[in-house]
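J.: What follows is a single structure, and I will ask about it in a moment.
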Amino acid sequence: MPDVKVKTPNLDEIFEKWKTSANRKHHKALEAQFGTKGSVFSLDIISAAEYVKNPVKGAAVYFSVKQTAKPGKGKDEIIVTGPRVSKETYYTFKGKNVDKDNWKGAERVPTLESIAAVQCKTCKGKGYTEDNCRSCKGKGKVEDELTVLEGEDMAKVKGKTFSYPCAICYGSGKDRIPCKECGGHQNLYKYEILPVPFKSAVIGVPILHSSVQTKYEKEIGKDLQDLIESVEGIRFNNFKALNEKAEGSLGYWNKDIKKTISGAGSDFKKYEKDKNSKITSQIYLFPMILLECMTKKNKKFEVYSIGSETNFMIYSNFA
Ligand SMILES: [Zn+2]
Ligand SMILES: [Zn+2]
């Protein structure tokens, strides 16, 4: 493969493109952040020289993978009391898979087959806890004092009592209080929220590694998947070639770029080995530039460019 060198867009070109797009999408914010009270607002007053504080050169590696979607993983276990079981809606699939395109429900659902009783730990399955009867104070009986008069002079005899079983605790001396945990239902009930068993489908997945940390990595990857022909990068058939030519192709180099390429290489190997994946594109190397900017009102924002001087996309968190 001959050496290909890409020309990186320069700072002014990137800034201009951002300005045009920001003016279209966030005109008000632009005026608020860069305008001067009392004077007519014009895009010309927003210059890269003044507002770009620090440009960072980087690179991104992209390739595309077709994957057989693996069944979803993970389960959530929910535990409720008996009366709450019927408040939920359950799904049953009876071992049949579901076509994801036709499925209108959630990706994970409560499943009928997972409902199971769990003995209440608090009352050990009894449904109640016991305490001394409040009426007889645990004695199980009621003791009344008798009035007894003895002999001819009818002297009062003290301490004669008469006892009979307590009607509140039926003589047991114990009061049963419904268990606070299970509400007296002896068990708690668990059910599982499981992934819907979708039929496996083949999906295209964009893989992007960038040396400039950006929260747009997912978005850029998706855009590249659709627009790969309209963003210019350098193509390689394997990572050996990429490793050899990357520095020369970019015309600049740093530790982060080196790390990114090596990380992308390991990722690529992982997909090569994975039976559920097939790499469906060449490997692309894109110049990436990060402009760390600050508005006139001292609000920080960033502009990213990916691609060459002739074809590049920009991303920004300005507004
Ligand atoms: Zn009692
Ligand atoms: Zn209980």
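Residue numbering restarts at 1 for every chain of the structure tokens, chains are lettered A, B, ... in their displayed order, and ligands are numbered from 1 as they appear.
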If you count only C-alpha atoms, which residues fall within 9 Å of Thr295 of chain A, apart from same-chain ones fewer than 6 positions away, as a list in words?
T.: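 My list of contacting residues is Leu30, Gln33, Phe34, Ile46, Tyr51, Val52 and Phe301 of chain A.
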J.: Let me see if you get this right: every residue at most 10 Å from ligand 1, counting only C-alpha atoms and all ligand atoms, written as a list in words.
T.: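 Based on only C-alpha atoms and all ligand atoms, ligand 1 is surrounded within 10 Å by Asn132, Cys133, Arg134, Ser135, Cys136, Lys137, Gly138, Lys139, Gly140, Lys141, Val142, Pro165, Cys166, Ala167, Ile168, Cys169, Tyr170, Gly171, Ser172, Gly173, Lys174 and Asp175 of chain A.
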J.: Limited to C-alpha atoms, could you put the picked residues into a file as a compact mmCIF listing (two decimals), in the first residue's frame?
T.:
# COMPACT_ATOMS: atom_id res chain seq x y z
CA ASN A 132 -47.67 -11.83 76.40
CA CYS A 133 -51.43 -11.42 76.40
CA ARG A 134 -52.23 -7.83 77.25
CA SER A 135 -55.38 -8.81 79.09
CA CYS A 136 -53.97 -11.41 81.49
CA LYS A 137 -50.35 -10.19 81.26
CA GLY A 138 -49.24 -13.63 80.12
CA LYS A 139 -50.71 -15.62 82.95
CA GLY A 140 -53.37 -17.30 80.80
CA LYS A 141 -55.93 -16.90 83.48
CA VAL A 142 -58.03 -14.29 85.18
CA PRO A 165 -59.01 -19.10 81.77
CA CYS A 166 -58.50 -15.75 79.99
CA ALA A 167 -60.98 -15.31 77.14
CA ILE A 168 -58.65 -13.09 75.13
CA CYS A 169 -55.84 -15.64 74.78
CA TYR A 170 -57.96 -18.74 75.42
CA GLY A 171 -55.79 -19.56 78.35
CA SER A 172 -52.50 -19.58 76.48
CA GLY A 173 -51.17 -16.37 77.98
CA LYS A 174 -49.92 -15.36 74.49
CA ASP A 175 -51.23 -12.79 72.07
J.: Please give me, as a list in words, the residues lying within 6 Å of ligand 2 when counting only C-alpha atoms and all ligand atoms.
T.: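 Sorted by chain and then by number, the residues are Cys120, Thr122, Cys123, Gly125, Gly127, Cys179, Glu181, Cys182, Gly184 and Gln186 of chain A.
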J.: Store the residues picked out above in a file with N, CA and C atoms, as a PDB file, in the first residue's frame.
T.:
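Wrote result.pdb, looks like this:
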ATOM      1  N   CYS A 120     -41.216 -16.296  55.109  1.00  0.00           N
ATOM      2  CA  CYS A 120     -40.889 -15.052  55.811  1.00  0.00           C
ATOM      3  C   CYS A 120     -39.872 -15.338  56.908  1.00  0.00           C
ATOM      4  N   THR A 122     -38.810 -13.182  59.209  1.00  0.00           N
ATOM      5  CA  THR A 122     -39.118 -12.501  60.465  1.00  0.00           C
ATOM      6  C   THR A 122     -39.959 -13.392  61.389  1.00  0.00           C
ATOM      7  N   CYS A 123     -40.961 -14.062  60.825  1.00  0.00           N
ATOM      8  CA  CYS A 123     -41.838 -14.891  61.664  1.00  0.00           C
ATOM      9  C   CYS A 123     -41.583 -16.376  61.437  1.00  0.00           C
ATOM     10  N   GLY A 125     -42.265 -18.119  58.999  1.00  0.00           N
ATOM     11  CA  GLY A 125     -43.357 -18.787  58.298  1.00  0.00           C
ATOM     12  C   GLY A 125     -44.618 -18.978  59.117  1.00  0.00           C
ATOM     13  N   GLY A 127     -46.470 -16.438  60.387  1.00  0.00           N
ATOM     14  CA  GLY A 127     -47.439 -15.394  60.053  1.00  0.00           C
ATOM     15  C   GLY A 127     -47.694 -14.435  61.201  1.00  0.00           C
ATOM     16  N   CYS A 179     -47.414 -10.650  61.666  1.00  0.00           N
ATOM     17  CA  CYS A 179     -46.011 -10.289  61.377  1.00  0.00           C
ATOM     18  C   CYS A 179     -45.976  -9.039  60.494  1.00  0.00           C
ATOM     19  N   GLU A 181     -43.598  -8.045  58.605  1.00  0.00           N
ATOM     20  CA  GLU A 181     -42.893  -8.261  57.341  1.00  0.00           C
ATOM     21  C   GLU A 181     -43.827  -8.861  56.273  1.00  0.00           C
ATOM     22  N   CYS A 182     -44.508  -9.940  56.630  1.00  0.00           N
ATOM     23  CA  CYS A 182     -45.324 -10.643  55.633  1.00  0.00           C
ATOM     24  C   CYS A 182     -46.806 -10.315  55.767  1.00  0.00           C
ATOM     25  N   GLY A 184     -48.792 -11.295  57.911  1.00  0.00           N
ATOM     26  CA  GLY A 184     -49.547 -12.444  58.388  1.00  0.00           C
ATOM     27  C   GLY A 184     -49.720 -13.530  57.336  1.00  0.00           C
ATOM     28  N   GLN A 186     -47.521 -15.445  55.999  1.00  0.00           N
ATOM     29  CA  GLN A 186     -46.519 -16.514  56.194  1.00  0.00           C
ATOM     30  C   GLN A 186     -45.355 -16.495  55.201  1.00  0.00           C
TER      31      GLN A 186
END
J.: Taking only C-alpha atoms into account, name the residue in A:Gly159, A:Lys296, A:Ala319, A:Thr310 that is nearest to Asn10 of chain A.
T.: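 Of A:Gly159, A:Lys296, A:Ala319, A:Thr310, the one nearest Asn10 of chain A is A:Thr310, counting only C-alpha atoms.
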J.: Nearest to Tyr91 of chain A: which of A:Asp256, A:Glu31, A:Glu113, A:Glu150 is it, counting only C-alpha atoms?
T.: A:Glu113
